[in-house]
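Asks: Provided herewith: my_file_22.cif, mmCIF, C-alpha atoms and all ligand atoms.
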data_target
loop_
_atom_site.group_PDB
_atom_site.id
_atom_site.type_symbol
_atom_site.label_atom_id
_atom_site.label_comp_id
_atom_site.auth_asym_id
_atom_site.auth_seq_id
_atom_site.Cartn_x
_atom_site.Cartn_y
_atom_site.Cartn_z
ATOM 1 C CA MET M 1 6.515 13.040 2.546
ATOM 2 C CA ILE M 2 3.742 12.729 -0.037
ATOM 3 C CA ASP M 3 2.919 9.568 -1.961
ATOM 4 C CA SER M 4 0.890 11.022 -4.852
ATOM 5 C CA TYR M 5 -1.043 9.290 -7.659
ATOM 6 C CA ARG M 6 1.900 10.116 -9.911
ATOM 7 C CA HIS M 7 4.327 8.275 -7.594
ATOM 8 C CA LYS M 8 1.953 5.307 -7.343
ATOM 9 C CA GLY M 9 1.716 5.197 -11.145
ATOM 10 C CA GLN M 10 5.510 5.293 -11.486
ATOM 11 C CA ARG M 11 5.738 2.469 -8.957
ATOM 12 C CA ARG M 12 3.259 0.321 -10.895
ATOM 13 C CA ALA M 13 5.327 0.912 -14.051
ATOM 14 C CA LEU M 14 8.474 -0.184 -12.183
ATOM 15 C CA VAL M 15 6.698 -3.347 -11.013
ATOM 16 C CA ARG M 16 5.650 -4.096 -14.628
ATOM 17 C CA LEU M 17 9.272 -3.661 -15.726
ATOM 18 C CA LEU M 18 10.522 -6.022 -12.994
ATOM 19 C CA SER M 19 8.022 -8.684 -14.007
ATOM 20 C CA GLU M 20 9.112 -8.285 -17.673
ATOM 21 C CA LYS M 21 12.694 -8.800 -16.463
ATOM 22 C CA GLY M 22 11.697 -12.151 -14.927
ATOM 23 C CA ILE M 23 10.543 -11.475 -11.352
ATOM 24 C CA THR M 24 7.559 -13.788 -10.838
ATOM 25 C CA ASP M 25 7.041 -13.885 -7.053
ATOM 26 C CA GLU M 26 3.796 -11.985 -6.463
ATOM 27 C CA ALA M 27 4.734 -11.273 -2.834
ATOM 28 C CA VAL M 28 7.907 -9.505 -3.999
ATOM 29 C CA LEU M 29 6.113 -7.489 -6.688
ATOM 30 C CA SER M 30 3.358 -6.516 -4.260
ATOM 31 C CA ALA M 31 5.913 -5.389 -1.633
ATOM 32 C CA ILE M 32 7.771 -3.239 -4.191
ATOM 33 C CA ASN M 33 4.439 -1.756 -5.222
ATOM 34 C CA LYS M 34 3.837 -0.711 -1.599
ATOM 35 C CA VAL M 35 7.169 0.835 -0.534
ATOM 36 C CA PRO M 36 7.497 4.515 -1.592
ATOM 37 C CA ARG M 37 11.071 4.419 -2.927
ATOM 38 C CA HIS M 38 11.051 8.187 -3.561
ATOM 39 C CA PHE M 39 11.001 8.737 0.237
ATOM 40 C CA PHE M 40 14.643 7.551 0.171
ATOM 41 C CA PHE M 41 15.685 10.345 -2.212
ATOM 42 C CA GLU M 42 16.221 14.066 -1.675
ATOM 43 C CA SER M 43 13.421 15.885 -3.494
ATOM 44 C CA SER M 44 15.809 17.252 -6.142
ATOM 45 C CA PHE M 45 16.725 13.662 -7.151
ATOM 46 C CA GLU M 46 13.206 12.251 -6.877
ATOM 47 C CA GLU M 47 12.909 11.615 -10.621
ATOM 48 C CA HIS M 48 15.517 8.817 -10.220
ATOM 49 C CA ALA M 49 13.478 6.923 -7.606
ATOM 50 C CA TYR M 50 11.438 4.734 -9.959
ATOM 51 C CA GLN M 51 14.137 4.074 -12.522
ATOM 52 C CA ASP M 52 15.639 0.623 -12.328
ATOM 53 C CA LYS M 53 19.047 1.694 -11.127
ATOM 54 C CA ALA M 54 21.192 1.996 -8.003
ATOM 55 C CA PHE M 55 21.698 5.487 -6.569
ATOM 56 C CA PRO M 56 24.265 7.046 -4.170
ATOM 57 C CA ILE M 57 23.049 7.458 -0.579
ATOM 58 C CA GLY M 58 26.210 9.099 0.828
ATOM 59 C CA GLU M 59 29.184 7.579 2.676
ATOM 60 C CA GLY M 60 30.266 5.986 -0.641
ATOM 61 C CA GLN M 61 27.293 3.589 -0.493
ATOM 62 C CA THR M 62 24.240 2.995 -2.699
ATOM 63 C CA ILE M 63 20.557 2.126 -2.497
ATOM 64 C CA SER M 64 20.455 -1.111 -4.528
ATOM 65 C CA GLN M 65 18.837 -1.272 -7.965
ATOM 66 C CA PRO M 66 15.154 -2.339 -7.692
ATOM 67 C CA TYR M 67 15.805 -5.405 -9.898
ATOM 68 C CA THR M 68 18.591 -6.505 -7.520
ATOM 69 C CA VAL M 69 16.336 -6.026 -4.475
ATOM 70 C CA ALA M 70 13.568 -7.991 -6.210
ATOM 71 C CA PHE M 71 15.960 -10.754 -7.358
ATOM 72 C CA GLN M 72 17.472 -11.293 -3.902
ATOM 73 C CA SER M 73 14.040 -11.108 -2.234
ATOM 74 C CA GLN M 74 12.671 -13.708 -4.663
ATOM 75 C CA LEU M 75 15.591 -16.081 -4.008
ATOM 76 C CA LEU M 76 14.929 -15.830 -0.258
ATOM 77 C CA GLN M 77 11.446 -17.415 -0.630
ATOM 78 C CA ILE M 78 10.147 -15.528 2.397
ATOM 79 C CA ARG M 79 7.221 -16.991 4.297
ATOM 80 C CA PRO M 80 5.365 -14.605 6.626
ATOM 81 C CA GLY M 81 6.920 -14.873 10.096
ATOM 82 C CA ASP M 82 10.371 -15.932 8.839
ATOM 83 C CA LYS M 83 13.179 -14.650 11.069
ATOM 84 C CA VAL M 84 15.513 -12.878 8.631
ATOM 85 C CA LEU M 85 18.946 -11.300 9.020
ATOM 86 C CA GLU M 86 19.927 -8.580 6.542
ATOM 87 C CA VAL M 87 23.636 -7.695 6.406
ATOM 88 C CA GLY M 88 24.010 -4.140 5.046
ATOM 89 C CA THR M 89 21.031 -1.998 6.114
ATOM 90 C CA GLY M 90 22.174 0.922 3.937
ATOM 91 C CA SER M 91 19.208 3.145 3.086
ATOM 92 C CA GLY M 92 16.729 0.649 4.571
ATOM 93 C CA TYR M 93 14.823 0.168 1.289
ATOM 94 C CA GLN M 94 15.490 -3.593 1.064
ATOM 95 C CA ALA M 95 14.503 -3.852 4.741
ATOM 96 C CA CYS M 96 11.105 -2.256 4.001
ATOM 97 C CA VAL M 97 10.493 -4.708 1.148
ATOM 98 C CA LEU M 98 11.258 -7.671 3.449
ATOM 99 C CA LEU M 99 9.033 -6.272 6.200
ATOM 100 C CA GLU M 100 6.177 -5.853 3.682
ATOM 101 C CA MET M 101 6.659 -9.546 2.841
ATOM 102 C CA GLY M 102 6.065 -10.444 6.487
ATOM 103 C CA ALA M 103 9.658 -11.038 7.635
ATOM 104 C CA LYS M 104 10.670 -10.544 11.283
ATOM 105 C CA LEU M 105 13.737 -8.543 10.395
ATOM 106 C CA TYR M 106 17.120 -8.091 12.076
ATOM 107 C CA THR M 107 19.286 -5.710 10.072
ATOM 108 C CA ILE M 108 22.916 -4.786 10.692
ATOM 109 C CA GLU M 109 24.969 -1.914 9.256
ATOM 110 C CA TYR M 110 28.719 -1.290 9.573
ATOM 111 C CA ASN M 111 28.705 2.416 8.740
ATOM 112 C CA GLU M 112 27.779 4.477 11.786
ATOM 113 C CA VAL M 113 26.356 7.468 9.852
ATOM 114 C CA LEU M 114 24.050 5.264 7.746
ATOM 115 C CA PHE M 115 23.039 3.226 10.807
ATOM 116 C CA HIS M 116 21.856 6.316 12.731
ATOM 117 C CA ARG M 117 20.210 7.894 9.700
ATOM 118 C CA THR M 118 18.227 4.783 8.750
ATOM 119 C CA LYS M 119 17.363 3.838 12.335
ATOM 120 C CA SER M 120 15.634 7.180 12.818
ATOM 121 C CA PHE M 121 14.135 7.401 9.310
ATOM 122 C CA LEU M 122 12.446 3.998 8.830
ATOM 123 C CA PRO M 123 10.099 4.234 11.845
ATOM 124 C CA SER M 124 8.839 7.580 10.451
ATOM 125 C CA MET M 125 7.595 5.542 7.462
ATOM 126 C CA GLY M 126 6.002 2.975 9.760
ATOM 127 C CA TYR M 127 8.734 0.306 9.377
ATOM 128 C CA GLN M 128 10.398 -1.037 12.525
ATOM 129 C CA PRO M 129 12.992 -3.798 12.108
ATOM 130 C CA HIS M 130 15.532 -4.580 14.858
ATOM 131 C CA PHE M 131 18.535 -2.351 14.048
ATOM 132 C CA PHE M 132 22.153 -3.213 14.874
ATOM 133 C CA LEU M 133 25.440 -1.386 14.354
ATOM 134 C CA GLY M 134 28.461 -3.593 13.730
ATOM 135 C CA ASP M 135 30.266 -6.071 11.518
ATOM 136 C CA GLY M 136 27.535 -8.172 9.905
ATOM 137 C CA SER M 137 30.089 -10.482 8.234
ATOM 138 C CA LYS M 138 30.117 -12.182 11.665
ATOM 139 C CA GLY M 139 26.310 -12.309 11.731
ATOM 140 C CA LEU M 140 24.375 -11.769 14.953
ATOM 141 C CA PRO M 141 25.252 -14.831 17.073
ATOM 142 C CA HIS M 142 23.110 -13.740 20.044
ATOM 143 C CA PHE M 143 19.968 -13.676 17.889
ATOM 144 C CA ALA M 144 20.684 -16.765 15.737
ATOM 145 C CA PRO M 145 19.464 -19.048 14.287
ATOM 146 C CA PHE M 146 17.729 -17.422 11.315
ATOM 147 C CA ASP M 147 15.374 -18.858 8.692
ATOM 148 C CA LYS M 148 16.938 -16.658 6.036
ATOM 149 C CA ILE M 149 20.026 -14.440 5.691
ATOM 150 C CA ILE M 150 20.513 -11.854 2.947
ATOM 151 C CA VAL M 151 23.819 -10.083 2.367
ATOM 152 C CA THR M 152 23.551 -6.861 0.358
ATOM 153 C CA ALA M 153 27.290 -6.235 -0.150
ATOM 154 C CA GLY M 154 29.804 -8.200 -2.243
ATOM 155 C CA ALA M 155 31.818 -10.816 -0.306
ATOM 156 C CA PRO M 156 35.187 -12.398 -1.194
ATOM 157 C CA GLN M 157 33.900 -15.745 0.151
ATOM 158 C CA ILE M 158 30.888 -17.069 2.069
ATOM 159 C CA PRO M 159 31.352 -16.157 5.765
ATOM 160 C CA LEU M 160 31.317 -19.348 7.852
ATOM 161 C CA SER M 161 29.645 -17.489 10.735
ATOM 162 C CA LEU M 162 26.617 -16.856 8.524
ATOM 163 C CA ILE M 163 26.335 -20.547 7.582
ATOM 164 C CA ASP M 164 26.537 -21.444 11.295
ATOM 165 C CA GLN M 165 23.703 -19.044 12.090
ATOM 166 C CA LEU M 166 21.232 -20.583 9.599
ATOM 167 C CA LYS M 167 18.501 -22.987 10.703
ATOM 168 C CA VAL M 168 18.328 -26.371 9.000
ATOM 169 C CA LEU M 169 16.523 -25.741 5.665
ATOM 170 C CA GLY M 170 17.438 -22.063 6.029
ATOM 171 C CA LYS M 171 18.710 -20.082 3.042
ATOM 172 C CA LEU M 172 21.589 -17.616 2.657
ATOM 173 C CA ILE M 173 21.626 -15.272 -0.349
ATOM 174 C CA ILE M 174 25.005 -13.641 -0.922
ATOM 175 C CA PRO M 175 26.906 -12.067 -3.843
ATOM 176 C CA VAL M 176 30.410 -13.582 -3.955
ATOM 177 C CA GLY M 177 33.334 -12.569 -6.167
ATOM 178 C CA ASP M 178 35.954 -9.864 -6.570
ATOM 179 C CA LYS M 179 35.416 -6.147 -5.886
ATOM 180 C CA LYS M 180 34.032 -5.475 -9.396
ATOM 181 C CA SER M 181 31.644 -8.352 -10.050
ATOM 182 C CA GLN M 182 29.995 -11.030 -7.933
ATOM 183 C CA LYS M 183 27.926 -14.120 -8.619
ATOM 184 C CA MET M 184 24.673 -14.362 -6.700
ATOM 185 C CA ILE M 185 24.778 -17.500 -4.575
ATOM 186 C CA ARG M 186 21.947 -19.256 -2.751
ATOM 187 C CA LEU M 187 23.102 -21.634 -0.084
ATOM 188 C CA THR M 188 20.594 -23.973 1.599
ATOM 189 C CA LYS M 189 21.445 -25.758 4.834
ATOM 190 C CA GLN M 190 20.147 -29.257 4.068
ATOM 191 C CA GLU M 191 21.303 -30.760 7.389
ATOM 192 C CA GLU M 192 23.351 -29.451 10.320
ATOM 193 C CA LEU M 193 26.654 -30.124 8.490
ATOM 194 C CA LYS M 194 25.447 -30.270 4.886
ATOM 195 C CA VAL M 195 24.778 -27.359 2.529
ATOM 196 C CA SER M 196 23.805 -27.149 -1.131
ATOM 197 C CA LYS M 197 24.799 -24.247 -3.373
ATOM 198 C CA GLU M 198 23.124 -22.694 -6.423
ATOM 199 C CA SER M 199 24.679 -19.970 -8.624
ATOM 200 C CA PHE M 200 22.782 -17.242 -10.458
ATOM 201 C CA ASP M 201 23.655 -14.127 -12.503
ATOM 202 C CA ASN M 202 26.484 -11.659 -11.928
ATOM 203 C CA PHE M 203 25.864 -8.412 -10.037
ATOM 204 C CA SER M 204 28.008 -5.524 -8.878
ATOM 205 C CA PHE M 205 27.772 -4.604 -5.181
ATOM 206 C CA VAL M 206 29.851 -2.384 -2.917
ATOM 207 C CA PRO M 207 32.292 -4.528 -0.884
ATOM 208 C CA LEU M 208 31.320 -6.384 2.285
ATOM 209 C CA LEU M 209 33.790 -5.101 4.881
ATOM 210 C CA GLY M 210 34.775 -6.636 8.200
ATOM 211 C CA LYS M 211 36.347 -9.773 9.619
ATOM 212 C CA GLU M 212 34.816 -12.258 7.150
ATOM 213 C CA GLY M 213 34.563 -9.732 4.303
ATOM 214 C CA TRP M 214 37.196 -7.527 2.676
ATOM 215 C CA VAL M 215 39.328 -6.330 5.594
ATOM 216 C CA LYS M 216 38.636 -2.637 6.235
HETATM 217 N N1 LIG M 301 20.285 -3.020 1.523
HETATM 218 C C1 LIG M 301 20.653 -1.662 1.200
HETATM 219 C C2 LIG M 301 19.529 -0.810 0.733
HETATM 220 O O1 LIG M 301 18.411 -1.315 0.581
HETATM 221 O O2 LIG M 301 19.768 0.390 0.577
HETATM 222 C C3 LIG M 301 21.761 -1.583 0.206
HETATM 223 C C4 LIG M 301 23.023 -1.735 0.864
HETATM 224 S S1 LIG M 301 24.506 -1.152 0.130
HETATM 225 C C5 LIG M 301 24.512 -1.859 -1.458
HETATM 226 C C6 LIG M 301 25.608 -2.163 1.114
HETATM 227 C C7 LIG M 301 25.673 -1.804 2.570
HETATM 228 O O3 LIG M 301 26.434 -2.794 3.270
HETATM 229 C C8 LIG M 301 26.345 -0.467 2.835
HETATM 230 O O4 LIG M 301 25.491 0.355 3.567
HETATM 231 C C9 LIG M 301 27.588 -0.854 3.647
HETATM 232 O O5 LIG M 301 27.961 0.125 4.595
HETATM 233 C C10 LIG M 301 27.130 -2.138 4.311
HETATM 234 N N2 LIG M 301 28.188 -3.028 4.780
HETATM 235 C C11 LIG M 301 29.404 -3.301 4.220
HETATM 236 N N3 LIG M 301 30.078 -4.196 4.981
HETATM 237 C C12 LIG M 301 29.282 -4.487 6.041
HETATM 238 C C13 LIG M 301 29.412 -5.348 7.187
HETATM 239 N N4 LIG M 301 30.506 -6.088 7.411
HETATM 240 N N5 LIG M 301 28.393 -5.389 8.067
HETATM 241 C C14 LIG M 301 27.258 -4.653 7.876
HETATM 242 N N6 LIG M 301 27.086 -3.822 6.822
HETATM 243 C C15 LIG M 301 28.073 -3.751 5.919
#
What does the file become when written as structure tokens?
Replies:
Amino acid sequence: MIDSYRHKGQRRALVRLLSEKGITDEAVLSAINKVPRHFFFESSFEEHAYQDKAFPIGEGQTISQPYTVAFQSQLLQIRPGDKVLEVGTGSGYQACVLLEMGAKLYTIEYNEVLFHRTKSFLPSMGYQPHFFLGDGSKGLPHFAPFDKIIVTAGAPQIPLSLIDQLKVLGKLIIPVGDKKSQKMIRLTKQEELKVSKESFDNFSFVPLLGKEGWVK
């Protein structure tokens, strides 16, 4: 795996594009500038790595579009040391961005093939989150509470288990809607039994499966 000057230049151009599209958090832009996204692509598809688009990663799933990764990461307002749960490990690209931002990351994937592939691949790049295989719509109760939770698949509603597993003042970022289009939601737990909700743009994610997602 080679990260050449050409790749680094393409990455800087992608970062410029993301800031033109409205990403302002320097920690997010700096993390995206560091993670070699082309490592997630087979060499014959490498030219797609620094375009701002999602790409198939097998098993009917996708590596999210860089703008989407940046947008969700910005909404999370990560502070170094935050304990973060990611639901939907997928390729592991979003996980690397969060780790570069200083998150202590717990990431859970439902698809067994992707789980094994990413769990063995990420450490070879020097990234080592805590990996879990299972239904992330139920969260990770044994490791809760979390400062932040990010869901990278589209949910029919906000899973109550995830709200339960947030710390007070914790934030949950989740796309919610039908199978075609979802609104990005940021939920903040103001007090133990009180949450506030903000709505952002529409996105299009693959469905969140499982007990509190779309039933498999
Ligand atoms: N974060 C990923 C990345 O950086 O490549 C993108 C993830 S992809 C858009 C969504 C992922 O969520 C898929 O890998 C899918 O298998 C996974 N997923 C769907 N339902 C899930 C669930 N209930 N628990 C955990 N993962 C789930």
Asks: Find the residues near ligand LIG 301 (chain M). Use a cut-off of 7 Å, count all atoms listed in the file, and write them as number ranges by chain.
Replies: M: 61-64, 87-95, 108-111, 114, 134-137, 152-153, 205-210, 213
Asks: So, with all atoms listed in the file as the atoms that count, which of M:Lys189, M:Lys183, M:Lys138, M:His130 lies closest to M:Leu169?
Replies: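 Residue with the minimum atom-to-atom distance to M:Leu169: M:Lys189.
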Asks: Determine, counting only C-alpha atoms, which protein, DNA and RNA residues have an atom within 12 Å of an atom of stretch 51-55 of chain M; residues of the same chain fewer than 5 positions away are not included. Present the result as a short mmCIF file (atom, residue, chain, number, x, y, z; two decimals) with C-alpha atoms, keeping the file's coordinate frame.
Replies:
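Below is the file that was written, out.cif:
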data_model
loop_
_atom_site.label_atom_id
_atom_site.label_comp_id
_atom_site.auth_asym_id
_atom_site.auth_seq_id
_atom_site.Cartn_x
_atom_site.Cartn_y
_atom_site.Cartn_z
CA HIS M 7 4.33 8.28 -7.59
CA GLN M 10 5.51 5.29 -11.49
CA ARG M 11 5.74 2.47 -8.96
CA ARG M 12 3.26 0.32 -10.90
CA ALA M 13 5.33 0.91 -14.05
CA LEU M 14 8.47 -0.18 -12.18
CA VAL M 15 6.70 -3.35 -11.01
CA ARG M 16 5.65 -4.10 -14.63
CA LEU M 17 9.27 -3.66 -15.73
CA LEU M 18 10.52 -6.02 -12.99
CA LYS M 21 12.69 -8.80 -16.46
CA ILE M 32 7.77 -3.24 -4.19
CA ARG M 37 11.07 4.42 -2.93
CA HIS M 38 11.05 8.19 -3.56
CA PHE M 40 14.64 7.55 0.17
CA PHE M 41 15.68 10.34 -2.21
CA GLU M 42 16.22 14.07 -1.68
CA PHE M 45 16.73 13.66 -7.15
CA GLU M 46 13.21 12.25 -6.88
CA GLY M 60 30.27 5.99 -0.64
CA GLN M 61 27.29 3.59 -0.49
CA THR M 62 24.24 3.00 -2.70
CA ILE M 63 20.56 2.13 -2.50
CA SER M 64 20.45 -1.11 -4.53
CA GLN M 65 18.84 -1.27 -7.96
CA PRO M 66 15.15 -2.34 -7.69
CA TYR M 67 15.80 -5.40 -9.90
CA THR M 68 18.59 -6.50 -7.52
CA VAL M 69 16.34 -6.03 -4.47
CA ALA M 70 13.57 -7.99 -6.21
CA GLY M 90 22.17 0.92 3.94
CA SER M 91 19.21 3.14 3.09
CA TYR M 93 14.82 0.17 1.29
CA PHE M 203 25.86 -8.41 -10.04
CA SER M 204 28.01 -5.52 -8.88
CA PHE M 205 27.77 -4.60 -5.18
CA VAL M 206 29.85 -2.38 -2.92
#
Asks: Which residues, written as a ChimeraX atom specification, have at least one atom at most 7 Å from M:Val84, with only C-alpha atoms counted and residues fewer than 4 positions away on the same chain left out?
Replies: /M:103-106,146-149
Asks: Residues as selected, C-alpha atoms, written as a CSV table (one decimal), in the frame of the given file, can you do that?
Replies:
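Okay, selection.csv is ready:
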chain,number,residue,atom,x,y,z
M,103,ALA,CA,9.7,-11.0,7.6
M,104,LYS,CA,10.7,-10.5,11.3
M,105,LEU,CA,13.7,-8.5,10.4
M,106,TYR,CA,17.1,-8.1,12.1
M,146,PHE,CA,17.7,-17.4,11.3
M,147,ASP,CA,15.4,-18.9,8.7
M,148,LYS,CA,16.9,-16.7,6.0
M,149,ILE,CA,20.0,-14.4,5.7
Asks: Give me, please, the distance in Å between atom CA of M:Ile23 and atom CA of M:Ile174, quoted to one decimal.
Replies: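 About the pair atom CA of M:Ile23 and atom CA of M:Ile174: they are 18.0 Å apart.
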Asks: Applied to this file, what does the PyMOL selection byres (((chain M and resi 157) around 9) and not hetatm) return in terms of residues, put as a ChimeraX atom specification?
Replies: /M:154-156,158-160,175-177,212-213
Asks: Quick check, in Å to one decimal: how far apart do atom CA of M:Ile150 and atom CA of M:Phe115 lie?
Replies: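 These atoms are spaced 17.2 Å apart.
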Asks: Give me, as a Markdown table, each residue of stretch 51-152 of chain M that comes within 12 Å of stretch 191-202 of chain M, together with its shortest interatomic pair and the distance in Å at one decimal, counting only C-alpha atoms, with rows ordered by chain and rising residue number.
Replies:
| residue | atom | partner | partner_atom | distance |
| --- | --- | --- | --- | --- |
| M:Thr68 | CA | M:Asn202 | CA | 10.4 |
| M:Phe71 | CA | M:Asp201 | CA | 9.9 |
| M:Gln72 | CA | M:Phe200 | CA | 10.3 |
| M:Leu75 | CA | M:Phe200 | CA | 9.7 |
| M:Pro145 | CA | M:Glu192 | CA | 11.8 |
Asks: Can you spit out the residues from that selection as a PDB file, in the coordinates of the input, using C-alpha atoms?
Replies:
ATOM      1  CA  THR M  68      18.591  -6.505  -7.520  1.00  0.00           C
ATOM      2  CA  PHE M  71      15.960 -10.754  -7.358  1.00  0.00           C
ATOM      3  CA  GLN M  72      17.472 -11.293  -3.902  1.00  0.00           C
ATOM      4  CA  LEU M  75      15.591 -16.081  -4.008  1.00  0.00           C
ATOM      5  CA  PRO M 145      19.464 -19.048  14.287  1.00  0.00           C
TER       6      PRO M 145
END
Asks: Given 4 Å on each side, where is the centre and what are the edge lengths in Å to one decimal of the axis-aligned box enclosing the listed atoms of stretch 98-105 of chain M, as JSON?
Replies:
{"center_x": 9.9, "center_y": -8.4, "center_z": 7.1, "size_x": 15.7, "size_y": 13.2, "size_z": 16.4}
Asks: Quote the spacing between atom CA of M:Asp25 and atom CA of M:Gln74 in Å to one decimal place.
Replies: 6.1 Å
Asks: Mind telling me what the PyMOL selection byres (((chain M and resi 119) around 9) and not hetatm) catches here, as a PyMOL selection string?
Replies: chain M and resi 92+114-118+120-123+128-132
Asks: Between M:Gly170, M:Gly22, M:Gly126, M:Pro56, single out the one closest to M:Leu85, counting only C-alpha atoms.
Replies: M:Gly170
Asks: Evaluate the PyMOL selection byres (((chain M and resi 165) around 7) and not hetatm) and record the selected residues as a JSON list (two decimals) with C-alpha atoms, keeping the file's coordinate frame, following the chain and residue labels used in the document.
Replies:
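New file out-v4.json:
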[["chain", "number", "residue", "atom", "x", "y", "z"],
["M", 141, "PRO", "CA", 25.25, -14.83, 17.07],
["M", 144, "ALA", "CA", 20.68, -16.76, 15.74],
["M", 145, "PRO", "CA", 19.46, -19.05, 14.29],
["M", 146, "PHE", "CA", 17.73, -17.42, 11.32],
["M", 161, "SER", "CA", 29.64, -17.49, 10.74],
["M", 162, "LEU", "CA", 26.62, -16.86, 8.52],
["M", 163, "ILE", "CA", 26.34, -20.55, 7.58],
["M", 164, "ASP", "CA", 26.54, -21.44, 11.30],
["M", 166, "LEU", "CA", 21.23, -20.58, 9.60],
["M", 167, "LYS", "CA", 18.50, -22.99, 10.70]]
Asks: If we draw a sphere of 9 Å around (5.5, -11.7, -4.0), which residues have at least one atom in it when counting only C-alpha atoms? Please report them as a list in words.
Replies: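 Answer for this query, in the requested form: Ile23, Thr24, Asp25, Glu26, Ala27, Val28, Leu29, Ser30, Ala31, Ile32, Ser73, Gln74, Gln77, Ile78 and Met101 of chain M.
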Asks: Would you pick out the contacts of M:Gly102 at 6 Å or less, using all atoms listed in the file, so that residues sharing its chain but fewer than 3 positions from it are not included, and give the list as a PyMOL selection string?
Replies: chain M and resi 80-81+99
Asks: Point out the residue among M:Met125, M:Leu133, M:Arg6, M:Thr107 with the least atom-to-atom distance to M:Val35, counting all atoms listed in the file.
Replies: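 Residue with the minimum atom-to-atom distance to M:Val35: M:Met125.
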